[in-house]
Each structure stands twice: as structure tokens, then as C-alpha cells.
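Novice: Okay, handing you the structure first.
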Amino acid sequence: MTSPFKAILLSGTLLICAAGAIVTRFWQDRFEATIKPATLYEVILAQYHACRADDFRQAYQESSSAAQQHLTVVQFETKVRSQYGRINCPEKIDFGEIALERHRAYVRVYYTSNTHQVTPALYTLVYEAGCWRVENFEIYDTWPVSRQLAGTRI
């Protein structure tokens, strides 16, 4: 191959890659624009309420296929019982920031007890088969009583 041909071939390949990146970003932005926070909240609350009702089979159905491949129903129940124990009967559930990354959503949730202690959590949801599913959740340490959520209360 001659040098000019190699240069043209390389330039063409780079142009195709750049066009692919631009199109991918465009479709990602369009997808993210259609996401309604309420939809994500409903999925989290459905799983949470199923767990509170000891309906672990239903809660397991709200999990993503990857989570179901990683955990059996019994392992899922054990995880929920060990982590949800600290947030078993919250007085209030607040939803915080949402971060989107490809077909994943990261949702911060704050569980406030009747003693006004806040326990933060992070839920990872994945969009699969046309709907959102909980891929993972992590319940963090309860904050001291002196630490509260920032923002304006109406």
C-alpha cells in the first residue's frame, strides 16, 4: 500500500469512529431525556414494600437479571434482612440525586426514622427488557442525630 492510500484509509476509519461516537451520544441523550424520576422511585418503593411485607419472591422479581444470576432468592432474602434491618420502619423516605450512566441509574435514598436519624442508601437500577429493575442496593451507616438532610423543607 502506498502512503497516501494508508492516510486516506486511516482518516476514513477515524471519521467513521467519530461519527459512531456522536450518534451513540445523541441516542444516549435522547434516552436519558425520557427517564422520569418517578418511574425509578416506583421501582425502588415496590421492592422496598415487598421486602417489608416479607414477600421476597416479589421483591426478587424487581431485581435485574444480573442480580438474579448472582443471588438466589434465599441469598437475596438474607441480604435484605441483614441490610434493611436498619431501615425497617422509617417515618419518611426521601429521594436524592439521580445519576445516569448508559442504561443505569444511581438513586440516592434517605430513610428517616421516628427519632429523626437518617440512614442513606444507594440504589443501582438497570434498564432491561423495556423496564427498570433494581440491580443492587447498599444501605450505609446511620448518620448521627445532629446531621440532617440539606435543602429546603416546605
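Naming scheme: A, B, ... for chains in displayed order of the C-alpha cells; residues 1 onward per chain; ligands 1 onward as shown.
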Considering only strand (DSSP E) as DSSP defines it on the backbone, what residues of stretch 2-152 of chain A qualify? List them as a count of residues only.

Specialist: 39

Novice: Any chance you could list, as number ranges by chain, the residues in stretch 4-109 of chain A that come up helix (DSSP H, G or I) when DSSP is run on the backbone?

Specialist: A: 4-33, 37-52, 56-61, 65-70, 73-87

Novice: To one decimal place in Å, what is the distance between atom CA of A:Tyr41 and atom CA of A:Ser65?

Specialist: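 Interatomic distance, atom CA of A:Tyr41 to atom CA of A:Ser65: 19.2 Å.
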
Novice: Counting only C-alpha atoms, which residue out of A:Val118, A:Leu10, A:Ala99, A:Val73 sits closest to A:Ala59?

Specialist: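 Going through A:Val118, A:Leu10, A:Ala99, A:Val73 one by one, the smallest distance to A:Ala59 is for A:Val73.
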
Novice: Write out as a PDB file with N, CA and C atoms, in the first residue's frame each polymer residue whose atoms come within 12 Å of A:Ile87, counting only C-alpha atoms; drop sequence neighbours fewer than 5 positions from it.

Specialist:
ATOM      1  N   TYR A  48     -38.984  -2.242  48.005  1.00  0.00           N
ATOM      2  CA  TYR A  48     -38.907  -1.972  49.441  1.00  0.00           C
ATOM      3  C   TYR A  48     -40.167  -2.469  50.152  1.00  0.00           C
ATOM      4  N   HIS A  49     -41.340  -2.132  49.614  1.00  0.00           N
ATOM      5  CA  HIS A  49     -42.589  -2.545  50.259  1.00  0.00           C
ATOM      6  C   HIS A  49     -42.779  -4.064  50.219  1.00  0.00           C
ATOM      7  N   CYS A  51     -40.364  -6.206  50.371  1.00  0.00           N
ATOM      8  CA  CYS A  51     -39.464  -6.706  51.428  1.00  0.00           C
ATOM      9  C   CYS A  51     -40.072  -6.493  52.809  1.00  0.00           C
ATOM     10  N   ARG A  52     -40.665  -5.329  53.020  1.00  0.00           N
ATOM     11  CA  ARG A  52     -41.303  -5.047  54.312  1.00  0.00           C
ATOM     12  C   ARG A  52     -42.443  -6.017  54.588  1.00  0.00           C
ATOM     13  N   VAL A  80     -31.261  -8.781  52.185  1.00  0.00           N
ATOM     14  CA  VAL A  80     -32.274  -7.796  52.557  1.00  0.00           C
ATOM     15  C   VAL A  80     -32.449  -7.754  54.066  1.00  0.00           C
ATOM     16  N   ARG A  81     -32.571  -8.913  54.692  1.00  0.00           N
ATOM     17  CA  ARG A  81     -32.768  -8.941  56.148  1.00  0.00           C
ATOM     18  C   ARG A  81     -31.587  -8.317  56.891  1.00  0.00           C
ATOM     19  N   SER A  82     -30.385  -8.551  56.404  1.00  0.00           N
ATOM     20  CA  SER A  82     -29.218  -8.000  57.095  1.00  0.00           C
ATOM     21  C   SER A  82     -29.070  -6.496  56.844  1.00  0.00           C
ATOM     22  N   LYS A  92     -40.131   8.433  57.185  1.00  0.00           N
ATOM     23  CA  LYS A  92     -40.159   9.147  55.928  1.00  0.00           C
ATOM     24  C   LYS A  92     -39.073   8.599  55.007  1.00  0.00           C
ATOM     25  N   ILE A  93     -39.371   8.591  53.715  1.00  0.00           N
ATOM     26  CA  ILE A  93     -38.390   8.198  52.696  1.00  0.00           C
ATOM     27  C   ILE A  93     -38.237   9.379  51.746  1.00  0.00           C
ATOM     28  N   VAL A 109     -31.222   7.434  48.272  1.00  0.00           N
ATOM     29  CA  VAL A 109     -32.447   7.382  49.051  1.00  0.00           C
ATOM     30  C   VAL A 109     -32.071   7.620  50.506  1.00  0.00           C
ATOM     31  N   TYR A 110     -32.923   8.379  51.208  1.00  0.00           N
ATOM     32  CA  TYR A 110     -32.663   8.698  52.609  1.00  0.00           C
ATOM     33  C   TYR A 110     -33.860   8.246  53.434  1.00  0.00           C
ATOM     34  N   TYR A 111     -33.612   7.340  54.367  1.00  0.00           N
ATOM     35  CA  TYR A 111     -34.644   6.822  55.257  1.00  0.00           C
ATOM     36  C   TYR A 111     -34.523   7.549  56.591  1.00  0.00           C
ATOM     37  N   THR A 112     -35.592   8.215  57.006  1.00  0.00           N
ATOM     38  CA  THR A 112     -35.589   8.961  58.257  1.00  0.00           C
ATOM     39  C   THR A 112     -36.460   8.229  59.272  1.00  0.00           C
ATOM     40  N   SER A 113     -35.868   7.940  60.440  1.00  0.00           N
ATOM     41  CA  SER A 113     -36.599   7.218  61.490  1.00  0.00           C
ATOM     42  C   SER A 113     -37.454   8.190  62.287  1.00  0.00           C
ATOM     43  N   ASN A 114     -38.269   7.642  63.184  1.00  0.00           N
ATOM     44  CA  ASN A 114     -39.117   8.493  64.025  1.00  0.00           C
ATOM     45  C   ASN A 114     -38.299   9.289  65.036  1.00  0.00           C
ATOM     46  N   GLN A 117     -33.278  10.230  62.795  1.00  0.00           N
ATOM     47  CA  GLN A 117     -31.971   9.788  62.317  1.00  0.00           C
ATOM     48  C   GLN A 117     -32.119   9.376  60.861  1.00  0.00           C
ATOM     49  N   VAL A 118     -31.119   9.740  60.067  1.00  0.00           N
ATOM     50  CA  VAL A 118     -31.161   9.484  58.630  1.00  0.00           C
ATOM     51  C   VAL A 118     -30.199   8.359  58.282  1.00  0.00           C
ATOM     52  N   THR A 119     -30.709   7.407  57.516  1.00  0.00           N
ATOM     53  CA  THR A 119     -29.885   6.319  57.001  1.00  0.00           C
ATOM     54  C   THR A 119     -29.885   6.439  55.480  1.00  0.00           C
ATOM     55  N   PRO A 120     -28.724   6.752  54.895  1.00  0.00           N
ATOM     56  CA  PRO A 120     -28.658   6.885  53.433  1.00  0.00           C
ATOM     57  C   PRO A 120     -28.497   5.530  52.754  1.00  0.00           C
ATOM     58  N   ALA A 121     -28.931   5.482  51.518  1.00  0.00           N
ATOM     59  CA  ALA A 121     -28.791   4.269  50.706  1.00  0.00           C
ATOM     60  C   ALA A 121     -28.528   4.675  49.260  1.00  0.00           C
ATOM     61  N   GLU A 138     -27.315  -0.548  48.428  1.00  0.00           N
ATOM     62  CA  GLU A 138     -26.364  -0.532  49.537  1.00  0.00           C
ATOM     63  C   GLU A 138     -26.883   0.442  50.580  1.00  0.00           C
ATOM     64  N   ILE A 139     -27.058  -0.059  51.790  1.00  0.00           N
ATOM     65  CA  ILE A 139     -27.514   0.758  52.904  1.00  0.00           C
ATOM     66  C   ILE A 139     -26.274   1.171  53.696  1.00  0.00           C
ATOM     67  N   TYR A 140     -26.105   2.470  53.891  1.00  0.00           N
ATOM     68  CA  TYR A 140     -24.924   2.981  54.586  1.00  0.00           C
ATOM     69  C   TYR A 140     -25.209   3.174  56.074  1.00  0.00           C
ATOM     70  N   ASP A 141     -24.174   3.520  56.817  1.00  0.00           N
ATOM     71  CA  ASP A 141     -24.314   3.743  58.257  1.00  0.00           C
ATOM     72  C   ASP A 141     -25.271   4.905  58.531  1.00  0.00           C
ATOM     73  N   THR A 142     -26.041   4.761  59.600  1.00  0.00           N
ATOM     74  CA  THR A 142     -26.967   5.805  60.017  1.00  0.00           C
ATOM     75  C   THR A 142     -26.179   7.023  60.480  1.00  0.00           C
TER      76      THR A 142
END

Novice: One decimal, in Å: what's the spacing between atom CA of A:Gln83 and atom CA of A:Ala67?

Specialist: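 Pair atom CA of A:Gln83 / atom CA of A:Ala67 returns 16.0 Å.
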
Novice: Can you work out the spacing between atom CA of A:Phe95 and atom CA of A:His116 in Å, to one decimal?

Specialist: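 Atom-to-atom, atom CA of A:Phe95 and atom CA of A:His116 are spaced 15.9 Å apart.
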
Novice: Excluding stretch 44-46 of chain A and residues on its chain fewer than 4 positions from it, collect all residues at most 10 Å away from it, counting only C-alpha atoms, and give them as a PyMOL selection string.

Specialist: chain A and resi 38-40+50-52+58-59+62-63+93+107+109+123-125+132-134+137

Novice: Point out the residue among A:Asn136, A:Tyr60, A:Asp94, A:Thr78 with the least atom-to-atom distance to A:Tyr106, counting only C-alpha atoms.

Specialist: A:Asn136

Novice: Determine the nearest neighbour of A:Lys36 from the options A:Ala105, A:Val74, A:Cys17, A:Ala66, counting only C-alpha atoms.

Specialist: A:Ala105

Novice: Can you work out which one of A:His70, A:Val43, A:Phe76, A:Pro144 has the shortest atom-to-atom distance to A:Val126, counting only C-alpha atoms?

Specialist: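 When distances to A:Val126 are compared using only C-alpha atoms, the smallest one comes from A:Val43.
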
Novice: Between A:His103, A:Leu71, A:Asn88, A:Glu42, which has the minimum distance to A:Gly130 (counting only C-alpha atoms)?

Specialist: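 Using only C-alpha atoms, A:Gly130 sits closest to A:His103.
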